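Student: The structure file work.pdb (PDB, C-alpha atoms and all ligand atoms) is provided below.
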ATOM      1  CA  MET G  29     -52.378 -43.235 -44.760
ATOM      2  CA  SER G  30     -55.018 -42.840 -42.076
ATOM      3  CA  THR G  31     -55.468 -39.569 -40.256
ATOM      4  CA  PHE G  32     -54.584 -41.419 -37.044
ATOM      5  CA  THR G  33     -51.202 -42.609 -38.433
ATOM      6  CA  THR G  34     -50.411 -39.126 -39.737
ATOM      7  CA  SER G  35     -51.130 -37.490 -36.361
ATOM      8  CA  ARG G  36     -49.031 -40.145 -34.584
ATOM      9  CA  ARG G  37     -46.160 -39.336 -36.933
ATOM     10  CA  ILE G  38     -46.516 -35.614 -36.255
ATOM     11  CA  VAL G  39     -46.559 -36.212 -32.472
ATOM     12  CA  LEU G  40     -43.509 -38.491 -32.737
ATOM     13  CA  ALA G  41     -41.648 -35.936 -34.870
ATOM     14  CA  LEU G  42     -42.480 -33.155 -32.435
ATOM     15  CA  THR G  43     -41.419 -35.301 -29.465
ATOM     16  CA  LEU G  44     -38.122 -36.162 -31.162
ATOM     17  CA  SER G  45     -37.417 -32.538 -32.077
ATOM     18  CA  LEU G  46     -38.200 -31.376 -28.541
ATOM     19  CA  PHE G  47     -35.926 -34.108 -27.151
ATOM     20  CA  ALA G  48     -33.175 -33.103 -29.563
ATOM     21  CA  ALA G  49     -33.575 -29.439 -28.616
ATOM     22  CA  GLY G  50     -33.335 -30.380 -24.934
ATOM     23  CA  ALA G  51     -30.255 -32.480 -25.559
ATOM     24  CA  ILE G  52     -28.623 -29.603 -27.449
ATOM     25  CA  ALA G  53     -29.544 -27.206 -24.653
ATOM     26  CA  GLN G  54     -27.990 -29.583 -22.142
ATOM     27  CA  ALA G  55     -24.829 -29.912 -24.235
ATOM     28  CA  GLN G  56     -24.379 -26.077 -24.329
ATOM     29  CA  PRO G  57     -22.376 -24.825 -21.307
ATOM     30  CA  ALA G  58     -24.557 -22.584 -19.142
ATOM     31  CA  ALA G  59     -23.643 -18.896 -19.567
ATOM     32  CA  LYS G  60     -21.110 -18.056 -16.794
ATOM     33  CA  SER G  61     -22.719 -15.684 -14.329
ATOM     34  CA  GLU G  62     -20.518 -12.737 -13.369
ATOM     35  CA  PHE G  63     -18.722 -13.081 -10.038
ATOM     36  CA  VAL G  64     -20.224 -10.864  -7.339
ATOM     37  CA  PRO G  65     -18.006 -10.415  -4.264
ATOM     38  CA  GLU G  66     -19.422 -10.614  -0.757
ATOM     39  CA  VAL G  67     -18.134  -8.467   2.078
ATOM     40  CA  GLY G  68     -16.455 -10.832   4.551
ATOM     41  CA  GLN G  69     -15.644 -13.507   1.970
ATOM     42  CA  SER G  70     -12.529 -15.401   2.974
ATOM     43  CA  GLY G  71      -9.158 -14.400   1.571
ATOM     44  CA  LYS G  72      -5.823 -16.146   2.000
ATOM     45  CA  ASP G  73      -4.672 -14.256   5.103
ATOM     46  CA  VAL G  74      -7.536 -11.808   5.611
ATOM     47  CA  VAL G  75     -11.153 -11.536   4.465
ATOM     48  CA  TRP G  76     -12.340  -9.005   1.893
ATOM     49  CA  VAL G  77     -13.810  -5.784   3.262
ATOM     50  CA  PRO G  78     -13.608  -2.812   0.897
ATOM     51  CA  THR G  79     -12.182   0.539   1.988
ATOM     52  CA  ALA G  80     -14.858   3.253   1.752
ATOM     53  CA  GLN G  81     -14.114   5.542  -1.210
ATOM     54  CA  GLY G  82     -13.821   8.547   1.133
ATOM     55  CA  LEU G  83     -10.992   6.851   2.995
ATOM     56  CA  VAL G  84      -9.342   5.661  -0.250
ATOM     57  CA  ASP G  85      -9.207   9.321  -1.335
ATOM     58  CA  ARG G  86      -7.940  10.397   2.086
ATOM     59  CA  MET G  87      -5.219   7.710   2.116
ATOM     60  CA  LEU G  88      -3.885   8.814  -1.269
ATOM     61  CA  ASP G  89      -4.054  12.463  -0.146
ATOM     62  CA  MET G  90      -2.027  11.590   2.966
ATOM     63  CA  ALA G  91       0.588   9.917   0.758
ATOM     64  CA  LYS G  92       0.594  13.054  -1.451
ATOM     65  CA  LEU G  93       0.362  10.676  -4.401
ATOM     66  CA  THR G  94       1.198  12.263  -7.763
ATOM     67  CA  ALA G  95       1.552  11.113 -11.354
ATOM     68  CA  LYS G  96       5.241  10.435 -10.631
ATOM     69  CA  ASP G  97       4.419   7.731  -8.076
ATOM     70  CA  ILE G  98       4.446   3.978  -8.381
ATOM     71  CA  HIS G  99       1.645   2.714  -6.185
ATOM     72  CA  TYR G 100       1.037  -0.821  -4.864
ATOM     73  CA  ASP G 101      -2.103  -1.899  -3.011
ATOM     74  CA  LEU G 102      -1.217  -5.138  -1.217
ATOM     75  CA  GLY G 103      -4.377  -7.252  -1.101
ATOM     76  CA  SER G 104      -6.185  -5.153  -3.699
ATOM     77  CA  GLY G 105      -9.722  -6.585  -3.447
ATOM     78  CA  ASP G 106     -11.977  -5.140  -6.166
ATOM     79  CA  GLY G 107      -9.216  -2.769  -7.296
ATOM     80  CA  ARG G 108     -10.744   0.495  -6.056
ATOM     81  CA  THR G 109      -7.563   1.948  -4.504
ATOM     82  CA  VAL G 110      -5.442   1.003  -7.528
ATOM     83  CA  ILE G 111      -8.005   2.518  -9.923
ATOM     84  CA  THR G 112      -8.212   5.715  -7.840
ATOM     85  CA  ALA G 113      -4.406   6.031  -7.831
ATOM     86  CA  ALA G 114      -4.293   5.502 -11.605
ATOM     87  CA  ARG G 115      -7.015   8.133 -12.100
ATOM     88  CA  ARG G 116      -4.631  10.529 -10.344
ATOM     89  CA  GLY G 117      -2.002   9.627 -12.933
ATOM     90  CA  ALA G 118       0.131   7.241 -10.863
ATOM     91  CA  THR G 119       1.335   3.917 -12.238
ATOM     92  CA  ALA G 120      -0.640   1.574 -10.026
ATOM     93  CA  TYR G 121      -0.421  -2.125  -9.195
ATOM     94  CA  GLY G 122      -2.734  -4.371  -7.204
ATOM     95  CA  VAL G 123      -1.631  -7.676  -5.725
ATOM     96  CA  GLU G 124      -4.532  -9.994  -4.929
ATOM     97  CA  TYR G 125      -4.656 -13.713  -4.125
ATOM     98  CA  ASN G 126      -8.291 -14.361  -5.086
ATOM     99  CA  PRO G 127      -8.418 -14.890  -8.897
ATOM    100  CA  ASP G 128     -12.100 -13.858  -9.092
ATOM    101  CA  MET G 129     -11.244 -10.539  -7.421
ATOM    102  CA  VAL G 130      -8.352 -10.042  -9.853
ATOM    103  CA  GLU G 131     -10.728 -10.564 -12.806
ATOM    104  CA  LEU G 132     -13.292  -8.242 -11.218
ATOM    105  CA  SER G 133     -10.593  -5.549 -10.741
ATOM    106  CA  ARG G 134      -9.564  -5.879 -14.374
ATOM    107  CA  ARG G 135     -13.183  -5.497 -15.482
ATOM    108  CA  ASN G 136     -13.600  -2.458 -13.208
ATOM    109  CA  ALA G 137     -10.420  -0.883 -14.614
ATOM    110  CA  ALA G 138     -11.468  -1.639 -18.202
ATOM    111  CA  LYS G 139     -14.539   0.563 -17.710
ATOM    112  CA  GLU G 140     -12.175   3.542 -17.420
ATOM    113  CA  LYS G 141      -9.468   4.760 -19.775
ATOM    114  CA  LEU G 142      -6.562   3.598 -17.640
ATOM    115  CA  ALA G 143      -4.705   1.397 -20.104
ATOM    116  CA  GLY G 144      -1.027   1.178 -19.230
ATOM    117  CA  LYS G 145      -1.645   2.737 -15.817
ATOM    118  CA  VAL G 146      -3.044  -0.259 -13.888
ATOM    119  CA  THR G 147      -1.783  -3.805 -13.480
ATOM    120  CA  PHE G 148      -3.465  -6.430 -11.345
ATOM    121  CA  ILE G 149      -1.108  -9.181 -10.259
ATOM    122  CA  HIS G 150      -2.625 -12.479  -9.214
ATOM    123  CA  GLY G 151      -0.314 -13.451  -6.372
ATOM    124  CA  ASP G 152       0.578 -13.582  -2.714
ATOM    125  CA  ILE G 153       1.693 -10.297  -1.164
ATOM    126  CA  PHE G 154       4.406 -12.160   0.744
ATOM    127  CA  GLU G 155       5.886 -13.555  -2.458
ATOM    128  CA  THR G 156       5.507 -10.536  -4.741
ATOM    129  CA  ASP G 157       8.288  -8.004  -5.285
ATOM    130  CA  PHE G 158       6.887  -4.545  -4.552
ATOM    131  CA  SER G 159      10.282  -2.907  -3.901
ATOM    132  CA  LYS G 160       9.847  -0.363  -6.717
ATOM    133  CA  ALA G 161       6.779   1.175  -5.034
ATOM    134  CA  THR G 162       6.949   4.778  -3.856
ATOM    135  CA  VAL G 163       3.492   4.536  -2.237
ATOM    136  CA  ILE G 164       2.011   1.421  -0.618
ATOM    137  CA  THR G 165      -1.547   1.061   0.651
ATOM    138  CA  LEU G 166      -2.717  -1.700   2.990
ATOM    139  CA  PHE G 167      -5.945  -2.913   4.549
ATOM    140  CA  LEU G 168      -4.752  -6.137   6.116
ATOM    141  CA  LEU G 169      -4.263  -6.957   9.808
ATOM    142  CA  PRO G 170      -1.701  -5.713  12.385
ATOM    143  CA  GLU G 171       0.272  -8.984  12.342
ATOM    144  CA  LEU G 172       0.373  -8.978   8.523
ATOM    145  CA  ASN G 173       1.640  -5.370   8.540
ATOM    146  CA  VAL G 174       4.385  -6.385  10.980
ATOM    147  CA  LYS G 175       5.268  -9.373   8.772
ATOM    148  CA  LEU G 176       5.670  -6.992   5.793
ATOM    149  CA  ARG G 177       7.636  -4.469   7.876
ATOM    150  CA  PRO G 178      11.225  -5.684   7.216
ATOM    151  CA  LYS G 179      10.666  -5.438   3.445
ATOM    152  CA  ILE G 180       9.065  -2.009   3.847
ATOM    153  CA  LEU G 181      11.896  -0.671   6.029
ATOM    154  CA  ALA G 182      14.419  -1.832   3.402
ATOM    155  CA  MET G 183      12.736   0.337   0.748
ATOM    156  CA  ALA G 184      13.942   3.732  -0.454
ATOM    157  CA  PRO G 185      13.750   6.477   2.187
ATOM    158  CA  GLY G 186      10.654   8.577   1.587
ATOM    159  CA  THR G 187       8.423   5.679   0.508
ATOM    160  CA  ARG G 188       4.967   6.330   2.006
ATOM    161  CA  VAL G 189       2.935   3.504   3.488
ATOM    162  CA  VAL G 190      -0.717   4.099   4.371
ATOM    163  CA  SER G 191      -2.783   1.512   6.218
ATOM    164  CA  ASN G 192      -6.530   1.430   6.704
ATOM    165  CA  SER G 193      -7.216   0.905  10.439
ATOM    166  CA  PHE G 194      -4.253  -1.289  11.363
ATOM    167  CA  THR G 195      -0.954  -0.264  12.877
ATOM    168  CA  MET G 196       2.586  -1.551  12.393
ATOM    169  CA  GLY G 197       3.609  -2.869  15.831
ATOM    170  CA  ASP G 198       6.063  -0.599  17.664
ATOM    171  CA  TRP G 199       6.777   1.497  14.534
ATOM    172  CA  LYS G 200       4.637   4.530  15.378
ATOM    173  CA  SER G 201       2.908   6.226  12.459
ATOM    174  CA  ASP G 202       4.049   9.647  11.218
ATOM    175  CA  GLU G 203       0.468  10.752  10.626
ATOM    176  CA  THR G 204      -3.101   9.613  11.405
ATOM    177  CA  GLN G 205      -6.331  10.837   9.833
ATOM    178  CA  THR G 206      -9.986   9.825  10.010
ATOM    179  CA  ALA G 207     -12.449  10.084   7.129
ATOM    180  CA  LYS G 208     -16.107  10.927   7.505
ATOM    181  CA  GLY G 209     -18.673  11.208   4.656
ATOM    182  CA  ASP G 210     -19.365   7.773   3.142
ATOM    183  CA  CYS G 211     -17.124   6.064   5.698
ATOM    184  CA  THR G 212     -19.035   4.435   8.547
ATOM    185  CA  SER G 213     -16.576   1.743   9.660
ATOM    186  CA  TYR G 214     -12.803   1.280   9.267
ATOM    187  CA  CYS G 215     -12.330   5.020   8.747
ATOM    188  CA  THR G 216      -8.902   5.756  10.261
ATOM    189  CA  ALA G 217      -5.709   5.705   8.228
ATOM    190  CA  TYR G 218      -2.119   5.566   9.487
ATOM    191  CA  MET G 219       0.851   6.712   7.447
ATOM    192  CA  TRP G 220       4.534   5.883   7.806
ATOM    193  CA  ILE G 221       7.407   7.343   5.821
ATOM    194  CA  VAL G 222      10.328   4.960   5.356
ATOM    195  CA  PRO G 223      13.227   6.639   7.188
ATOM    196  CA  ALA G 224      16.811   6.904   5.934
ATOM    197  CA  LYS G 225      19.313   4.846   7.910
ATOM    198  CA  VAL G 226      21.470   7.179   9.958
ATOM    199  CA  GLU G 227      22.644   5.108  12.905
ATOM    200  CA  GLY G 228      26.387   5.669  13.523
ATOM    201  CA  VAL G 229      28.994   8.303  14.181
ATOM    202  CA  TRP G 230      28.953  11.491  12.091
ATOM    203  CA  LYS G 231      31.708  14.131  11.843
ATOM    204  CA  SER G 232      31.451  17.770  10.908
ATOM    205  CA  GLY G 233      34.611  19.809  11.557
ATOM    206  CA  ASN G 234      35.370  19.405  15.247
ATOM    207  CA  GLU G 235      31.822  18.141  15.952
ATOM    208  CA  GLU G 236      31.082  14.455  16.494
ATOM    209  CA  ILE G 237      27.476  13.257  16.525
ATOM    210  CA  LYS G 238      26.573   9.758  17.672
ATOM    211  CA  LEU G 239      23.116   8.676  16.509
ATOM    212  CA  ALA G 240      21.062   5.703  17.662
ATOM    213  CA  GLN G 241      17.964   5.074  15.562
ATOM    214  CA  GLU G 242      14.676   3.364  16.262
ATOM    215  CA  PHE G 243      12.551   3.626  13.098
ATOM    216  CA  GLN G 244      12.149   7.428  12.546
ATOM    217  CA  MET G 245      13.174   8.400  16.093
ATOM    218  CA  LEU G 246      16.746   9.427  16.959
ATOM    219  CA  GLN G 247      18.694   9.662  20.167
ATOM    220  CA  GLY G 248      22.357  10.249  20.798
ATOM    221  CA  SER G 249      25.041  12.685  21.779
ATOM    222  CA  HIS G 250      26.814  15.691  20.339
ATOM    223  CA  ASN G 251      30.435  16.450  21.109
ATOM    224  CA  SER G 252      31.748  19.823  20.035
ATOM    225  CA  GLY G 253      35.439  20.207  20.958
ATOM    226  CA  GLY G 254      34.888  18.259  24.213
ATOM    227  CA  LYS G 255      31.568  19.963  25.080
ATOM    228  CA  LEU G 256      29.054  17.112  25.376
ATOM    229  CA  SER G 257      25.261  17.389  25.059
ATOM    230  CA  ASN G 258      22.338  15.085  24.293
ATOM    231  CA  ILE G 259      20.494  14.968  20.990
ATOM    232  CA  GLN G 260      16.926  16.211  21.458
ATOM    233  CA  ASN G 261      13.809  16.030  19.246
ATOM    234  CA  GLY G 262      15.744  13.876  16.796
ATOM    235  CA  ARG G 263      13.695  12.413  13.984
ATOM    236  CA  LEU G 264      13.577  11.516  10.331
ATOM    237  CA  ARG G 265      10.890  12.057   7.763
ATOM    238  CA  GLY G 266      12.143   9.967   4.880
ATOM    239  CA  ASP G 267      15.557  11.432   4.064
ATOM    240  CA  GLU G 268      14.933  14.651   6.030
ATOM    241  CA  ILE G 269      16.695  14.732   9.392
ATOM    242  CA  SER G 270      16.232  17.187  12.226
ATOM    243  CA  PHE G 271      17.508  17.383  15.809
ATOM    244  CA  SER G 272      18.610  19.867  18.466
ATOM    245  CA  THR G 273      21.603  20.080  20.740
ATOM    246  CA  GLY G 274      21.396  22.721  23.449
ATOM    247  CA  SER G 275      20.149  25.833  21.668
ATOM    248  CA  ALA G 276      21.265  24.766  18.162
ATOM    249  CA  ARG G 277      18.772  23.324  15.687
ATOM    250  CA  TYR G 278      20.016  21.074  12.865
ATOM    251  CA  ALA G 279      18.041  20.230   9.731
ATOM    252  CA  GLY G 280      19.260  18.490   6.603
ATOM    253  CA  LYS G 281      18.924  15.898   3.903
ATOM    254  CA  VAL G 282      20.531  12.470   4.212
ATOM    255  CA  SER G 283      22.162  10.924   1.187
ATOM    256  CA  GLY G 284      23.903   7.674   2.149
ATOM    257  CA  ASP G 285      26.828   8.641   4.395
ATOM    258  CA  ARG G 286      26.401  12.390   3.942
ATOM    259  CA  ILE G 287      24.044  14.963   5.461
ATOM    260  CA  GLU G 288      23.756  18.410   3.930
ATOM    261  CA  GLY G 289      21.706  21.058   5.652
ATOM    262  CA  THR G 290      21.788  23.959   8.052
ATOM    263  CA  VAL G 291      22.413  24.696  11.713
ATOM    264  CA  THR G 292      20.516  27.519  13.373
ATOM    265  CA  ALA G 293      21.896  28.984  16.585
ATOM    266  CA  GLY G 294      21.636  32.425  18.187
ATOM    267  CA  GLY G 295      19.270  33.572  15.428
ATOM    268  CA  LYS G 296      21.842  32.775  12.714
ATOM    269  CA  THR G 297      21.468  29.981  10.128
ATOM    270  CA  SER G 298      24.627  28.536   8.525
ATOM    271  CA  PRO G 299      25.269  25.684   6.094
ATOM    272  CA  TRP G 300      26.209  22.390   7.758
ATOM    273  CA  VAL G 301      27.622  19.167   6.283
ATOM    274  CA  ALA G 302      28.380  15.917   8.122
ATOM    275  CA  THR G 303      29.777  12.597   6.955
ATOM    276  CA  ARG G 304      29.442   9.204   8.595
ATOM    277  CA  SER G 305      32.708   7.819   9.874
ATOM    278  CA  LYS G 306      31.375   4.535  11.359
TER     279      LYS G 306
HETATM  280  C1  LIG U 401      -9.615  -6.158   3.730
HETATM  281  S1  LIG U 401      -9.488  -6.525   2.006
HETATM  282  C2  LIG U 401      -8.900  -4.958   1.358
HETATM  283  C3  LIG U 401      -9.154  -4.782  -0.111
HETATM  284  C4  LIG U 401      -8.650  -3.455  -0.699
HETATM  285  N1  LIG U 401      -7.255  -3.228  -0.408
HETATM  286  C5  LIG U 401      -9.451  -2.292  -0.175
HETATM  287  O1  LIG U 401      -8.898  -1.549   0.659
HETATM  288  O2  LIG U 401     -10.600  -2.118  -0.577
HETATM  289  C6  LIG U 401      -8.025  -7.560   1.963
HETATM  290  C7  LIG U 401      -7.779  -8.241   0.618
HETATM  291  O3  LIG U 401      -6.543  -8.965   0.709
HETATM  292  C8  LIG U 401      -6.654 -10.188  -0.006
HETATM  293  N2  LIG U 401      -5.625 -11.096   0.517
HETATM  294  C9  LIG U 401      -5.630 -11.776   1.686
HETATM  295  N3  LIG U 401      -4.457 -12.426   1.866
HETATM  296  C10 LIG U 401      -3.701 -12.178   0.757
HETATM  297  C11 LIG U 401      -2.389 -12.566   0.347
HETATM  298  N4  LIG U 401      -1.596 -13.328   1.105
HETATM  299  N5  LIG U 401      -1.935 -12.128  -0.835
HETATM  300  C12 LIG U 401      -2.717 -11.336  -1.639
HETATM  301  N6  LIG U 401      -3.960 -10.929  -1.289
HETATM  302  C13 LIG U 401      -4.449 -11.328  -0.097
HETATM  303  C14 LIG U 401      -8.091 -10.608   0.245
HETATM  304  O4  LIG U 401      -8.537 -11.518  -0.742
HETATM  305  C15 LIG U 401      -8.826  -9.263   0.214
HETATM  306  O5  LIG U 401      -9.272  -8.957  -1.081
END
What is this file in structure tokens?
Tutor:
Amino acid sequence: MSTFTTSRRIVLALTLSLFAAGAIAQAQPAAKSEFVPEVGQSGKDVVWVPTAQGLVDRMLDMAKLTAKDIHYDLGSGDGRTVITAARRGATAYGVEYNPDMVELSRRNAAKEKLAGKVTFIHGDIFETDFSKATVITLFLLPELNVKLRPKILAMAPGTRVVSNSFTMGDWKSDETQTAKGDCTSYCTAYMWIVPAKVEGVWKSGNEEIKLAQEFQMLQGSHNSGGKLSNIQNGRLRGDEISFSTGSARYAGKVSGDRIEGTVTAGGKTSPWVATRSK
């Protein structure tokens, strides 16, 4: 065999092997690059903007979140609020519509020892049952907060709801705080405490108390043996009720159709119990 023929064979063999290698390379799926979120990327009802860690911490402080709490972040983004709540020992859930963000949250949580403490649900906040939550965090929009409001108001009295930057329509917040430090935009948080439902007529001995309720605010009248006065400074903080009539100050705990507490008048504090008659 001539040298020429041999070299042609070598070139042909090399060409074929390179072609085969290329074909194999093409047949292999390209390694999937890890999803990197972009601030402002579209979401179902609201874009993704992360809450600064300083405000996340502040929001959970405002809620007085403890290891006994069940926390839900509705629209959980990269999972930072859920992970922070779980680090504090709470059982924490995130609900997020974007599947890439759900996967990212799970990866972020996996980097910490939070097994059994965090769950990321791929779903729509308007179709997910979050009724077992004792603490809810939100960073949505005012109209989305208002849309969630009926479900929130139906939750157990004392449930704390903390929203980054956006209010809840005419339900005024119980507390507002602003974070500094790493927070340069969207730094104010509002907190609401789901109030007990106390509207109606309450009896205590010869006293009759009529209460009208708008969220946590109370108005009404007090009738003590025919002596009528208005309810003043009436409000609820979860299941804790307080109001004044004339110079008497009432404070108690609501449990369904019963209030147990105290009345303070003329410098003397006495036990006080009322039951709802209507
Ligand atoms: C402003 S970001 C807040 C993210 C996170 N809560 C935080 O504070 O860092 C809102 C998130 O809600 C998600 N989202 C929008 N509409 C949603 C819906 N209907 N159900 C579930 N998630 C939704 C978006 O994809 C986005 O990640």
Student: Determine the residue membership of the PyMOL selection byres (((not hetatm)) within 7 of (chain U and resi 401)) for the file above and supply it as a VMD selection string.
Tutor: chain G and resid 70 to 79 101 to 109 123 to 126 129 151 to 154 166 to 168
Student: In Å, rounded to a single decimal, give me how far CA of Lys225 in chain G is from CA of Glu242 in chain G.
Tutor: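 Computed distance, CA of Glu242 in chain G to CA of Lys225 in chain G, equals 9.7 Å.
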Student: For a quick check of your reading of the model, name the residues lying within 6 Å of the coordinate (21.1, 22.1, 6.3), counting all atoms listed in the file, and write them as a list in words.
Tutor: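 With a cut-off of 6 Å, the residues come to Ala279, Gly280, Glu288, Gly289, Thr290, Pro299 and Trp300 of chain G.
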Student: Using Å and a single decimal, report how far CA of Ser201 in chain G sits from CA of Ala224 in chain G.
Tutor: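 For CA of Ala224 in chain G relative to CA of Ser201 in chain G, the distance reads 15.4 Å.
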Student: Could you expand the PyMOL selection byres (((chain G and resi 246) around 12) and not hetatm) into the explicit residues it covers here, written as an NGL selection string?
Tutor: :G and (223-228 or 237-245 or 247-249 or 258-265 or 269-272)
Student: Rounded to one decimal, what separation in Å do you get between CA of Val222 in chain G and CA of Lys96 in chain G?
Tutor: 17.6 Å
Student: Give me the result of the PyMOL selection byres (((chain G and resi 80) around 10) and not hetatm) on this file, residue by residue, as a list in words.
Tutor: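 Residues picked by the PyMOL selection byres (((chain G and resi 80) around 10) and not hetatm): Val77, Pro78, Thr79, Gln81, Gly82, Leu83, Val84, Asp85, Arg86, Arg108, Thr109, Asn192, Ala207, Lys208, Gly209, Asp210, Cys211, Thr212, Ser213, Tyr214 and Cys215 of chain G.
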Student: Would you write out those residues with C-alpha atoms, as a compact mmCIF listing (two decimals), in the coordinates of the input?
Tutor:
# COMPACT_ATOMS: atom_id res chain seq x y z
CA VAL G 77 -13.81 -5.78 3.26
CA PRO G 78 -13.61 -2.81 0.90
CA THR G 79 -12.18 0.54 1.99
CA GLN G 81 -14.11 5.54 -1.21
CA GLY G 82 -13.82 8.55 1.13
CA LEU G 83 -10.99 6.85 3.00
CA VAL G 84 -9.34 5.66 -0.25
CA ASP G 85 -9.21 9.32 -1.34
CA ARG G 86 -7.94 10.40 2.09
CA ARG G 108 -10.74 0.50 -6.06
CA THR G 109 -7.56 1.95 -4.50
CA ASN G 192 -6.53 1.43 6.70
CA ALA G 207 -12.45 10.08 7.13
CA LYS G 208 -16.11 10.93 7.50
CA GLY G 209 -18.67 11.21 4.66
CA ASP G 210 -19.36 7.77 3.14
CA CYS G 211 -17.12 6.06 5.70
CA THR G 212 -19.04 4.43 8.55
CA SER G 213 -16.58 1.74 9.66
CA TYR G 214 -12.80 1.28 9.27
CA CYS G 215 -12.33 5.02 8.75
Student: Excluding Arg277 in chain G and residues on its chain fewer than 6 positions from it, collect all residues at most 7 Å away from it, counting all atoms listed in the file, and give them as a list in words.
Tutor: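 Listed by chain and then number, they are Phe271, Val291, Thr292 and Ala293 of chain G.
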Student: Which residue, G:Phe194, G:Ala276, G:Lys231, G:Val146, has the smallest gap to Thr216 in chain G when you use only C-alpha atoms?
Tutor: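 Smallest distance to Thr216 in chain G is found for G:Phe194.
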Student: Go through G:Ser232, G:Gly266, G:Leu172, G:Gly254 and flag the residue nearest Thr303 in chain G, using all atoms listed in the file for the distances.
Tutor: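 Among G:Ser232, G:Gly266, G:Leu172, G:Gly254, it is G:Ser232 that comes nearest to Thr303 in chain G.
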Student: Neighbours of Glu131 in chain G within 9 Å (only C-alpha atoms; same-chain residues fewer than 3 positions away dropped), as a PyMOL selection string?
Tutor: chain G and resi 63+106+126-128+134-136+148
Student: Just want the 8 Å neighbourhood of Gly117 in chain G, counted on all atoms listed in the file, with same-chain residues fewer than 4 positions away dropped. Output as a PyMOL selection string.
Tutor: chain G and resi 94-96+113+145
Student: Any idea what's packed within 12 Å of Met196 in chain G, counting all atoms listed in the file, ignoring anything in its chain fewer than 6 positions away? Could you give it as a ChimeraX atom specification?
Tutor: /G:166-178,180-181,189-190,202,217-220,243
